[in-house]
>>> print(open('entry-v6.cif').read())   # mmCIF, C-alpha atoms
data_protein
loop_
_atom_site.label_atom_id
_atom_site.label_comp_id
_atom_site.auth_asym_id
_atom_site.auth_seq_id
_atom_site.Cartn_x
_atom_site.Cartn_y
_atom_site.Cartn_z
CA MET A 1 -135.23 50.39 -40.61
CA GLY A 2 -135.29 49.68 -36.90
CA ILE A 3 -137.07 46.89 -35.11
CA CYS A 4 -138.17 46.41 -31.57
CA PHE A 5 -140.06 43.82 -29.54
CA LYS A 6 -143.05 44.21 -27.32
CA SER A 7 -141.92 43.12 -23.92
CA GLU A 8 -145.44 42.03 -22.89
CA THR A 9 -145.64 39.50 -25.68
CA VAL A 10 -142.17 38.13 -25.01
CA LEU A 11 -142.97 37.83 -21.33
CA ARG A 12 -146.20 36.03 -22.17
CA GLY A 13 -144.17 33.53 -24.18
CA LEU A 14 -141.86 33.03 -21.26
CA LYS A 15 -144.84 32.45 -18.98
CA VAL A 16 -146.08 29.76 -21.35
CA VAL A 17 -142.64 28.15 -21.34
CA LEU A 18 -142.52 28.25 -17.55
CA ALA A 19 -145.98 26.78 -17.12
CA GLY A 20 -145.39 24.09 -19.72
CA SER A 21 -142.07 23.10 -18.20
CA ALA A 22 -143.53 22.96 -14.72
CA CYS A 23 -146.38 20.77 -15.88
CA LEU A 24 -143.93 18.56 -17.71
CA LEU A 25 -141.73 18.18 -14.66
CA ILE A 26 -144.64 17.26 -12.42
CA GLY A 27 -145.95 14.83 -15.00
CA LEU A 28 -142.49 13.31 -15.36
CA ILE A 29 -142.11 12.68 -11.65
CA VAL A 30 -145.63 11.30 -11.25
CA SER A 31 -145.25 9.07 -14.27
CA PHE A 32 -141.87 7.82 -13.02
CA VAL A 33 -143.37 6.87 -9.67
CA PHE A 34 -146.33 5.17 -11.31
CA VAL A 35 -144.27 3.33 -13.92
CA SER A 36 -141.63 2.15 -11.46
CA GLN A 37 -144.33 0.81 -9.16
CA ARG A 38 -145.92 -1.08 -12.00
CA VAL A 39 -142.60 -2.47 -13.12
CA LEU A 40 -141.74 -3.64 -9.64
CA ASN A 41 -145.21 -5.16 -9.27
CA ILE A 42 -144.93 -7.03 -12.51
CA MET A 43 -141.28 -8.04 -12.11
CA PRO A 44 -140.37 -8.20 -8.46
CA ASN A 45 -136.80 -9.32 -9.20
CA LEU A 46 -133.42 -7.89 -10.05
CA LEU A 47 -134.43 -7.10 -13.61
CA GLY A 48 -137.42 -5.10 -12.45
CA PHE A 49 -135.23 -3.24 -10.00
CA CYS A 50 -132.64 -2.49 -12.69
CA ILE A 51 -135.33 -1.21 -15.04
CA SER A 52 -136.71 1.03 -12.33
CA VAL A 53 -133.26 2.41 -11.59
CA ALA A 54 -132.62 3.07 -15.28
CA LEU A 55 -135.98 4.78 -15.50
CA GLY A 56 -135.12 6.89 -12.50
CA LEU A 57 -131.79 7.97 -13.97
CA THR A 58 -133.45 8.89 -17.26
CA THR A 59 -136.08 10.83 -15.36
CA ILE A 60 -133.39 12.70 -13.50
CA TYR A 61 -131.67 13.64 -16.76
CA ILE A 62 -134.89 14.87 -18.33
CA ALA A 63 -135.94 16.61 -15.13
CA ALA A 64 -132.61 18.47 -15.02
CA SER A 65 -133.18 19.79 -18.54
CA VAL A 66 -136.73 20.84 -17.69
CA LEU A 67 -135.66 22.35 -14.42
CA HIS A 68 -133.08 24.65 -16.00
CA VAL A 69 -135.71 25.95 -18.41
CA ILE A 70 -138.00 26.62 -15.45
CA VAL A 71 -135.28 28.45 -13.55
CA ASP A 72 -134.19 30.59 -16.49
CA SER A 73 -137.69 31.60 -17.49
CA ALA A 74 -138.60 32.36 -13.88
CA LEU A 75 -135.51 34.55 -13.58
CA ILE A 76 -136.46 36.60 -16.64
CA LEU A 77 -140.05 36.87 -15.50
CA ARG A 78 -138.98 38.12 -12.11
CA ASN A 79 -136.59 40.64 -13.64
CA PRO A 80 -137.79 41.84 -17.07
CA GLY A 81 -134.78 44.14 -17.32
CA LEU A 82 -132.76 41.06 -18.20
CA LEU A 83 -134.30 41.16 -21.68
CA ALA A 84 -132.68 44.51 -22.37
CA GLU A 85 -129.49 43.39 -20.65
CA ARG A 86 -129.25 40.43 -22.96
CA GLY A 87 -129.38 42.79 -25.95
CA LEU A 88 -133.02 42.69 -26.99
CA ASP A 89 -134.47 45.97 -28.33
CA ILE A 90 -137.59 46.55 -26.28
CA CYS A 91 -140.24 48.98 -27.59
CA VAL A 92 -140.78 52.00 -25.36
CA MET B 93 -137.51 35.91 -39.60
CA SER B 94 -133.80 36.36 -39.08
CA GLU B 95 -134.53 39.21 -36.62
CA ALA B 96 -136.76 36.95 -34.58
CA GLN B 97 -134.15 34.23 -34.61
CA SER B 98 -131.39 36.60 -33.51
CA ALA B 99 -133.67 37.95 -30.80
CA LEU B 100 -134.39 34.42 -29.67
CA ASN B 101 -130.67 33.69 -29.52
CA LYS B 102 -130.24 36.78 -27.38
CA ILE B 103 -133.03 35.86 -24.98
CA TRP B 104 -132.51 32.10 -24.82
CA ARG B 105 -128.88 31.15 -25.25
CA CYS B 106 -129.24 27.52 -24.23
CA ASN B 107 -129.44 25.11 -27.13
CA CYS B 108 -129.96 21.80 -25.36
CA TRP B 109 -132.35 19.14 -26.67
CA PHE B 110 -135.25 20.19 -24.42
CA CYS B 111 -134.83 23.88 -25.26
CA ARG B 112 -134.71 23.09 -28.98
CA LEU B 113 -137.72 20.83 -28.64
CA PHE B 114 -139.91 23.00 -26.46
CA ALA B 115 -138.68 26.34 -25.09
CA ARG B 116 -137.21 27.82 -28.24
CA LYS B 117 -140.18 26.85 -30.36
CA VAL B 118 -142.68 28.42 -28.02
CA LEU B 119 -140.56 31.52 -27.60
CA LEU B 120 -140.01 31.92 -31.34
CA HIS B 121 -143.73 31.94 -31.86
CA TYR B 122 -144.20 34.72 -29.33
CA ILE B 123 -141.19 36.72 -30.50
CA GLU B 124 -142.56 36.79 -34.04
CA LYS B 125 -145.73 38.20 -32.57
CA ALA B 126 -143.81 40.77 -30.52
CA LEU B 127 -141.72 42.02 -33.41
CA VAL B 128 -142.53 45.60 -34.42
CA TYR B 129 -141.07 47.35 -37.43
CA MET B 130 -140.44 50.95 -36.44
CA ALA B 131 -139.89 52.12 -40.02
CA GLU B 132 -143.35 51.07 -41.18
CA LYS B 133 -144.77 54.51 -40.38
CA SER B 134 -142.06 56.33 -42.24
CA ALA B 135 -142.50 54.08 -45.24
CA VAL B 136 -146.17 54.97 -45.33
CA LEU B 137 -145.79 58.71 -44.77
CA GLY B 138 -142.68 59.21 -46.85
CA GLY B 139 -139.17 60.35 -46.05
CA GLY B 140 -139.98 64.09 -45.93
CA VAL B 141 -141.72 63.80 -42.61
CA ILE B 142 -138.67 62.18 -40.98
CA VAL B 143 -136.32 64.83 -42.39
CA ALA B 144 -138.56 67.61 -41.11
CA GLN B 145 -138.74 65.97 -37.70
CA GLU B 146 -134.96 65.60 -37.57
CA LEU B 147 -134.52 69.27 -38.50
CA ASP B 148 -136.88 70.27 -35.72
CA VAL B 149 -134.94 68.15 -33.27
CA VAL B 150 -131.65 69.74 -34.38
CA LYS B 151 -133.15 73.20 -33.99
CA GLU B 152 -134.44 72.41 -30.52
CA LEU B 153 -131.07 70.98 -29.56
CA ARG B 154 -129.32 74.16 -30.70
CA ASP B 155 -131.77 76.31 -28.77
CA LEU B 156 -131.23 74.14 -25.74
CA LYS B 157 -127.45 74.46 -26.07
CA THR B 158 -127.60 78.24 -26.33
CA THR B 159 -129.92 78.41 -23.34
CA VAL B 160 -127.62 76.20 -21.31
CA SER B 161 -124.58 78.30 -22.23
CA GLU B 162 -126.44 81.50 -21.28
CA LEU B 163 -127.47 79.96 -18.00
CA LYS B 164 -123.88 78.89 -17.35
CA SER B 165 -122.58 82.40 -17.98
CA ALA B 166 -125.29 83.85 -15.73
CA ILE B 167 -124.36 81.42 -12.97
CA ALA B 168 -120.69 82.33 -13.37
CA GLU B 169 -121.54 86.03 -13.06
CA ILE B 170 -123.63 85.39 -9.97
CA LYS B 171 -120.81 83.35 -8.45
CA ALA B 172 -118.30 86.11 -9.17
CA LEU B 173 -120.62 88.69 -7.61
CA LEU B 174 -121.14 86.54 -4.55
CA SER B 175 -117.44 85.95 -4.13
CA ASP B 176 -116.85 89.70 -4.49
CA LEU B 177 -119.43 90.46 -1.85
CA THR B 178 -118.51 87.74 0.62
CA GLY B 179 -114.75 87.87 0.18
CA PRO B 180 -112.52 89.57 2.73
CA TYR B 181 -111.51 92.21 0.16
CA SER B 182 -115.11 93.37 -0.34
CA TYR B 183 -114.58 96.10 2.26
CA TYR B 184 -111.31 97.21 0.79
CA LYS B 185 -111.18 100.15 -1.57
CA PRO B 186 -108.06 100.87 -3.56
CA ARG B 187 -106.12 103.87 -2.40
CA GLU B 188 -106.61 105.60 -5.77
CA GLU B 189 -110.40 105.44 -5.39
CA VAL B 190 -110.25 106.79 -1.86
CA GLU B 191 -107.96 109.64 -2.75
CA ALA B 192 -109.60 110.45 -6.08
CA PRO B 193 -112.08 113.06 -4.76
CA ALA B 194 -109.34 114.84 -2.82
CA ARG B 195 -107.06 115.09 -5.84
CA PRO B 196 -106.16 118.74 -6.65
CA GLN B 197 -107.51 120.34 -9.80
CA PRO B 198 -105.08 120.50 -12.75
CA PRO B 199 -103.48 123.90 -13.24
CA ALA B 200 -104.85 126.32 -15.84
CA PRO B 201 -103.46 125.93 -19.36
CA PRO B 202 -100.46 128.18 -20.10
CA THR B 203 -101.16 131.23 -22.12
CA SER B 204 -97.76 132.33 -23.40
CA ILE B 205 -94.94 130.44 -25.17
CA ALA B 206 -92.56 130.98 -22.27
CA GLU B 207 -95.06 129.44 -19.92
CA VAL B 208 -95.48 126.46 -22.26
CA ARG B 209 -91.71 125.90 -22.33
CA ALA B 210 -91.47 126.16 -18.58
CA GLU B 211 -94.35 123.70 -18.25
CA THR B 212 -92.77 121.14 -20.58
CA SER B 213 -89.42 121.38 -18.80
CA ARG B 214 -91.16 120.88 -15.46
CA VAL B 215 -93.06 117.88 -16.78
CA GLU B 216 -89.81 116.36 -18.06
CA VAL B 217 -88.23 116.88 -14.67
CA GLU B 218 -91.24 115.47 -12.82
CA LYS B 219 -91.84 112.55 -15.17
CA PRO B 220 -89.48 110.06 -13.50
CA GLU B 221 -90.98 110.92 -10.11
CA VAL B 222 -94.55 110.25 -11.23
CA LYS B 223 -94.01 106.62 -12.24
CA PRO B 224 -91.13 105.17 -10.28
CA PRO B 225 -90.42 101.48 -10.78
CA THR B 226 -92.03 99.61 -7.87
CA PRO B 227 -89.64 97.16 -6.32
CA SER B 228 -90.94 93.71 -5.35
CA GLY B 229 -90.35 94.30 -1.64
CA ARG B 230 -92.61 97.32 -1.64
CA GLY B 231 -95.32 95.34 -3.44
CA LEU B 232 -95.15 92.66 -0.80
CA GLU B 233 -95.42 95.27 1.93
CA GLU B 234 -98.48 96.74 0.22
CA ILE B 235 -100.08 93.30 -0.01
CA ALA B 236 -99.32 92.68 3.66
CA GLY B 237 -100.88 96.03 4.54
CA VAL B 238 -103.98 95.25 2.49
CA LEU B 239 -104.32 91.85 4.09
CA GLY B 240 -103.93 93.31 7.57
CA GLU B 241 -106.59 95.89 6.81
CA ALA B 242 -108.93 93.24 5.47
CA GLY B 243 -108.37 91.07 8.53
CA ARG B 244 -109.11 94.00 10.81
CA ILE B 245 -112.36 94.73 8.98
CA VAL B 246 -113.45 91.08 9.16
CA ARG B 247 -112.61 90.97 12.88
CA GLU B 248 -114.63 94.12 13.54
CA GLU B 249 -117.54 92.73 11.57
CA ARG B 250 -117.43 89.47 13.52
CA GLU B 251 -117.35 91.36 16.80
CA VAL B 252 -120.36 93.42 15.77
CA LEU B 253 -122.27 90.25 14.82
CA ALA B 254 -121.39 88.53 18.11
CA GLY B 255 -122.49 91.62 20.02
CA VAL B 256 -125.86 91.61 18.28
CA GLY B 257 -126.29 87.89 19.03
CA LEU B 258 -125.51 88.31 22.73
CA LYS B 259 -127.74 91.34 23.01
CA GLN B 260 -130.56 89.38 21.45
CA ALA B 261 -129.86 86.46 23.78
CA VAL B 262 -130.03 88.71 26.83
CA SER B 263 -133.30 90.30 25.73
CA LEU B 264 -134.69 86.84 24.93
CA MET B 265 -133.70 85.63 28.37
CA ARG B 266 -135.55 88.54 29.98
CA ILE B 267 -138.68 87.88 27.96
CA ILE B 268 -138.58 84.19 28.82
CA TYR B 269 -138.16 85.12 32.50
CA GLU B 270 -141.35 87.13 32.31
CA ILE B 271 -143.18 84.37 30.45
CA MET B 272 -142.02 81.60 32.77
CA LYS B 273 -143.16 83.59 35.79
CA ILE B 274 -146.71 83.62 34.44
CA TYR B 275 -147.07 80.38 32.45
CA PRO B 276 -145.86 76.81 33.14
CA ARG B 277 -143.09 75.29 31.09
CA SER B 278 -145.35 72.70 29.41
CA SER B 279 -147.49 75.35 27.70
CA VAL B 280 -144.39 77.19 26.48
CA GLU B 281 -142.96 73.95 25.11
CA ARG B 282 -146.21 73.10 23.35
CA MET B 283 -146.08 76.45 21.62
CA LEU B 284 -142.46 75.85 20.69
CA ASP B 285 -143.35 72.45 19.22
CA LEU B 286 -146.01 74.08 17.09
CA VAL B 287 -143.54 76.68 15.88
CA GLU B 288 -141.05 73.93 15.08
CA GLN B 289 -143.62 71.92 13.16
CA LEU B 290 -144.59 74.99 11.14
CA LYS B 291 -140.88 75.39 10.33
CA ILE B 292 -140.96 79.08 11.19
CA VAL B 293 -137.65 78.90 13.02
CA SER B 294 -134.57 76.91 12.18
CA ARG B 295 -133.14 74.05 14.24
CA GLU B 296 -130.36 76.22 15.67
CA GLU B 297 -132.82 78.87 16.78
CA MET B 298 -134.97 76.20 18.41
CA SER B 299 -131.99 74.80 20.28
CA VAL B 300 -131.09 78.33 21.45
CA LEU B 301 -134.65 78.82 22.68
CA ARG B 302 -134.69 75.50 24.53
CA THR B 303 -131.33 76.19 26.15
CA THR B 304 -132.51 79.63 27.26
CA ILE B 305 -135.69 78.13 28.71
CA ASN B 306 -133.64 75.57 30.63
CA ILE B 307 -131.37 78.29 31.98
CA VAL B 308 -134.33 80.42 33.01
CA GLU B 309 -136.10 77.50 34.66
CA GLN B 310 -133.02 76.60 36.68
CA SER B 311 -132.48 80.24 37.58
CA LEU B 312 -136.07 80.56 38.76
CA LYS B 313 -135.64 77.46 40.88
CA GLU B 314 -132.42 78.81 42.36
CA ARG B 315 -133.86 82.35 42.64
CA ILE B 316 -131.33 83.93 40.31
CA THR B 317 -132.41 87.13 38.59
CA PRO B 318 -131.72 87.86 34.91
CA GLU B 319 -129.37 90.64 35.92
CA GLU B 320 -127.34 88.17 37.90
CA ASN B 321 -127.27 85.89 34.91
CA VAL B 322 -125.97 88.71 32.75
CA LEU B 323 -123.34 89.49 35.36
CA LEU B 324 -122.32 85.86 35.41
CA MET B 325 -122.03 85.82 31.65
CA TYR B 326 -119.97 88.98 31.72
CA LEU B 327 -117.61 87.54 34.32
CA LEU B 328 -117.17 84.32 32.36
CA LEU B 329 -116.56 86.14 29.09
CA LYS B 330 -114.10 88.49 30.72
CA ASN B 331 -112.18 85.59 32.21
CA ILE B 332 -112.02 83.95 28.82
CA GLY B 333 -110.81 87.20 27.36
CA VAL B 334 -113.86 88.20 25.33
CA ARG B 335 -115.16 91.74 25.58
CA GLU B 336 -118.70 92.44 24.45
CA GLU B 337 -120.08 95.94 24.47
CA ALA B 338 -123.65 94.69 24.61
CA ILE B 339 -122.99 92.67 27.74
CA GLU B 340 -121.09 95.55 29.30
CA GLU B 341 -124.05 97.83 28.71
CA GLU B 342 -126.37 95.33 30.32
CA VAL B 343 -124.02 94.95 33.26
CA ILE B 344 -123.83 98.71 33.73
CA LYS B 345 -127.62 98.92 33.60
CA SER B 346 -128.06 96.17 36.15
CA VAL B 347 -125.43 97.68 38.46
CA LEU B 348 -127.15 101.07 38.23
CA ASN B 349 -130.49 99.45 38.98
CA ALA B 350 -129.02 97.67 41.97
CA VAL B 351 -127.45 100.90 43.25
CA SER B 352 -130.70 102.83 42.85
CA MET B 353 -132.59 100.03 44.63
CA MET B 354 -130.10 100.13 47.47
CA ARG B 355 -130.46 103.89 47.75
CA LYS B 356 -134.23 103.56 47.77
CA MET B 357 -134.02 100.93 50.50
CA SER B 358 -131.59 102.98 52.58
CA LYS B 359 -133.64 106.25 52.35
CA PRO B 360 -136.60 105.15 54.53
CA THR B 361 -134.28 103.76 57.21
CA GLN B 362 -132.36 107.06 57.34
CA GLU B 363 -135.58 109.03 57.59
CA ALA B 364 -136.80 106.79 60.40
CA ARG B 365 -133.49 107.24 62.18
CA GLU B 366 -133.71 111.03 61.91
CA GLU B 367 -137.27 111.02 63.25
CA LYS B 368 -136.17 108.89 66.15
CA SER B 369 -133.33 111.23 67.06
CA GLU B 370 -135.72 114.20 66.92
CA THR B 371 -138.15 112.54 69.33
CA MET B 372 -135.32 111.67 71.66
CA SER B 373 -134.09 115.27 71.77
CA SER B 374 -137.61 116.55 72.56
CA GLY B 375 -137.83 114.09 75.48
CA GLY B 376 -135.44 116.32 77.64
CA VAL B 377 -132.75 115.45 80.13
CA ALA B 378 -134.70 112.57 81.56
CA GLY B 379 -134.28 110.68 78.41
CA GLY B 380 -130.53 111.33 78.37
CA SER B 381 -129.57 107.94 79.70
CA LEU B 382 -132.06 106.26 77.39
CA ARG B 383 -130.62 108.17 74.42
CA GLY B 384 -127.17 106.95 75.31
CA VAL B 385 -128.43 103.38 75.31
CA ASP B 386 -130.15 103.93 71.95
CA ASN B 387 -127.01 105.37 70.44
CA LYS B 388 -125.10 102.36 71.61
CA TRP B 389 -127.73 100.04 70.11
CA GLU B 390 -127.59 101.96 66.82
CA ASN B 391 -123.85 101.75 66.76
CA LEU B 392 -124.06 98.02 67.30
CA GLN B 393 -126.63 97.70 64.52
CA GLN B 394 -124.47 99.75 62.21
#
>>> encode(input="entry-v6.cif", output="structure tokens")
Amino acid sequence: MGICFKSETVLRGLKVVLAGSACLLIGLIVSFVFVSQRVLNIMPNLLGFCISVALGLTTIYIAASVLHVIVDSALILRNPGLLAERGLDICV
Amino acid sequence: MSEAQSALNKIWRCNCWFCRLFARKVLLHYIEKALVYMAEKSAVLGGGVIVAQELDVVKELRDLKTTVSELKSAIAEIKALLSDLTGPYSYYKPREEVEAPARPQPPAPPTSIAEVRAETSRVEVEKPEVKPPTPSGRGLEEIAGVLGEAGRIVREEREVLAGVGLKQAVSLMRIIYEIMKIYPRSSVERMLDLVEQLKIVSREEMSVLRTTINIVEQSLKERITPEENVLLMYLLLKNIGVREEAIEEEVIKSVLNAVSMMRKMSKPTQEAREEKSETMSSGGVAGGSLRGVDNKWENLQQ
């Protein structure tokens, strides 16, 4: 009993992942800028600065994770042959 | 669901927190949608259909194999035929085949017992002479002879082909001379371009045509006749050491033409000279001194 996967559907899923990740990344950066500004406005001292820096580092960590998802999904979308190369049985 | 999971693992190998949280979940949803069970049809129709289809496929494969083997054997036969025809030994006939028609008829069967005995004794005597053991040296000599013969035949064939090519080139040159006298080069080249675009002639033939046109154009500029060109070619070939019968024929023709032209040119001058001498003789003694002067002038001219 053989199985195969429709490449169109898988690619659609990857597109969703790419779009979602991109939106998330943009939102993350915008929110970081906004939040850090607010923090520095509220606490214009060393503590506020430290919180902003910590926020920035966290944002970088999250952004790195999101970015690698974006890159990988974009790679597969640009070259659908990678699906078969990675061992997925694509329906003819 | 295990198939979808394994497929997801194949597509998305990363297992970081973000992938687990977002990417893998989204992808799993879509992979479940994309999953197609190929055996569903067979389960519905029953196993007999698949077996019949497989049998058909096996039959077709066998047919295909037999066809391919037949094609291969046909190609091998064609190759062998081609090699026989194009090989240097294609002109060679074994000595047995050549001498077969000239072989003498066997003698009439003996009628009496005495004749039979005599015949058998003669056969016994002649038997060792009919099939002598061929030494290896003689075999090598025969092979060398055959190879020499084959080489000679190939050389002759090549000479014949070269002769035909040169003859054609000479005739082509003459035709182009006539054409170039009437039409300009641009119109001829336009026609040649059309012929080239239609792929009527090959690239080599086109290059030959263009070279001939160039030669003819230069010759027309320098006032060289086609006969002179042929003579030039003959001289060059002779100096190189190549002898072409076609060129020699053309040279002989052109020389004969030149000789006949010279004779034609010299005939009217001779006739005029004779007429002049006749008029001088009819002039009498008074013209004697004048005649002497004329003779002197003629001698100088000669």
>>> resolve_selection(input="entry-v6.cif", expression="the PyMOL selection byres ((chain A and resi 65) around 12)", output="ChimeraX atom specification")
/A:21-22,24-25,28,58-64,66-72 /B:106-115
>>> interface_residues(input="entry-v6.cif", of="chain B", to="chain A", cutoff="9 Å", atoms="all atoms listed in the file", output="list in words")
Glu95, Ala99, Leu100, Lys102, Ile103, Trp104, Cys106, Cys108, Trp109, Phe110, Cys111, Phe114, Ala115, Arg116, Val118, Leu119, Leu120, His121, Tyr122, Ile123, Glu124, Lys125, Ala126, Leu127, Val128, Tyr129, Met130, Ala131 and Glu132 of chain B
>>> atom_distance(input="entry-v6.cif", atom1="CA of Val347 in chain B", atom2="CA of Leu323 in chain B")
9.0 Å
>>> resolve_selection(input="entry-v6.cif", expression="the PyMOL selection byres ((chain A and resi 48-56) around 12)", output="list in words")
Leu28, Ile29, Val30, Ser31, Phe32, Val33, Phe34, Val35, Ser36, Gln37, Arg38, Val39, Leu40, Asn41, Ile42, Met43, Pro44, Asn45, Leu46, Leu47, Leu57, Thr58, Thr59, Ile60, Tyr61, Ile62 and Ala63 of chain A
>>> residues_around(input="entry-v6.cif", residues="Val262 in chain B", least_positions_apart="2", cutoff="12 Å", atoms="only C-alpha atoms", output="PyMOL selection string")
chain B and resi 255-260+264-269+300-301+304+307-308+318-326+338-343
>>> atom_distance(input="entry-v6.cif", atom1="CA of Gln289 in chain B", atom2="CA of Lys273 in chain B")
25.5 Å
>>> atom_distance(input="entry-v6.cif", atom1="CA of Gly27 in chain A", atom2="CA of Leu77 in chain A")
22.8 Å
>>> decode(input="entry-v6.cif", residues="range 27-41 of chain A", atoms="N, CA, C and O atoms", output="JSON list (two decimals), in the first residue's frame")
[["chain", "number", "residue", "atom", "x", "y", "z"],
["A", 27, "GLY", "N", 6.66, 41.95, 13.17],
["A", 27, "GLY", "CA", 5.96, 42.33, 14.41],
["A", 27, "GLY", "C", 6.93, 42.36, 15.59],
["A", 27, "GLY", "O", 6.87, 43.26, 16.44],
["A", 28, "LEU", "N", 7.81, 41.41, 15.63],
["A", 28, "LEU", "CA", 8.79, 41.32, 16.72],
["A", 28, "LEU", "C", 9.69, 42.55, 16.74],
["A", 28, "LEU", "O", 9.90, 43.17, 17.81],
["A", 29, "ILE", "N", 10.17, 42.93, 15.58],
["A", 29, "ILE", "CA", 11.08, 44.09, 15.52],
["A", 29, "ILE", "C", 10.33, 45.38, 15.89],
["A", 29, "ILE", "O", 10.81, 46.19, 16.69],
["A", 30, "VAL", "N", 9.14, 45.53, 15.32],
["A", 30, "VAL", "CA", 8.35, 46.74, 15.59],
["A", 30, "VAL", "C", 8.01, 46.83, 17.08],
["A", 30, "VAL", "O", 8.15, 47.89, 17.72],
["A", 31, "SER", "N", 7.60, 45.69, 17.60],
["A", 31, "SER", "CA", 7.21, 45.68, 19.03],
["A", 31, "SER", "C", 8.44, 45.96, 19.91],
["A", 31, "SER", "O", 8.34, 46.66, 20.93],
["A", 32, "PHE", "N", 9.60, 45.42, 19.53],
["A", 32, "PHE", "CA", 10.81, 45.69, 20.31],
["A", 32, "PHE", "C", 11.12, 47.19, 20.33],
["A", 32, "PHE", "O", 11.39, 47.77, 21.39],
["A", 33, "VAL", "N", 11.04, 47.80, 19.16],
["A", 33, "VAL", "CA", 11.32, 49.24, 19.08],
["A", 33, "VAL", "C", 10.34, 50.02, 19.95],
["A", 33, "VAL", "O", 10.72, 50.88, 20.76],
["A", 34, "PHE", "N", 9.08, 49.68, 19.81],
["A", 34, "PHE", "CA", 8.03, 50.39, 20.56],
["A", 34, "PHE", "C", 8.21, 50.20, 22.07],
["A", 34, "PHE", "O", 8.21, 51.15, 22.84],
["A", 35, "VAL", "N", 8.42, 48.95, 22.47],
["A", 35, "VAL", "CA", 8.52, 48.63, 23.89],
["A", 35, "VAL", "C", 9.77, 49.27, 24.49],
["A", 35, "VAL", "O", 9.73, 49.83, 25.60],
["A", 36, "SER", "N", 10.86, 49.20, 23.80],
["A", 36, "SER", "CA", 12.11, 49.78, 24.34],
["A", 36, "SER", "C", 11.98, 51.30, 24.48],
["A", 36, "SER", "O", 12.46, 51.88, 25.47],
["A", 37, "GLN", "N", 11.30, 51.92, 23.53],
["A", 37, "GLN", "CA", 11.07, 53.36, 23.64],
["A", 37, "GLN", "C", 10.23, 53.68, 24.89],
["A", 37, "GLN", "O", 10.56, 54.60, 25.66],
["A", 38, "ARG", "N", 9.20, 52.90, 25.06],
["A", 38, "ARG", "CA", 8.33, 53.15, 26.22],
["A", 38, "ARG", "C", 9.09, 52.96, 27.53],
["A", 38, "ARG", "O", 8.98, 53.76, 28.46],
["A", 39, "VAL", "N", 9.89, 51.90, 27.53],
["A", 39, "VAL", "CA", 10.65, 51.61, 28.76],
["A", 39, "VAL", "C", 11.61, 52.74, 29.07],
["A", 39, "VAL", "O", 11.74, 53.21, 30.21],
["A", 40, "LEU", "N", 12.28, 53.20, 28.03],
["A", 40, "LEU", "CA", 13.25, 54.28, 28.24],
["A", 40, "LEU", "C", 12.55, 55.60, 28.59],
["A", 40, "LEU", "O", 13.11, 56.44, 29.32],
["A", 41, "ASN", "N", 11.32, 55.78, 28.11],
["A", 41, "ASN", "CA", 10.56, 56.97, 28.47],
["A", 41, "ASN", "C", 10.12, 56.93, 29.93],
["A", 41, "ASN", "O", 10.18, 57.92, 30.64]]
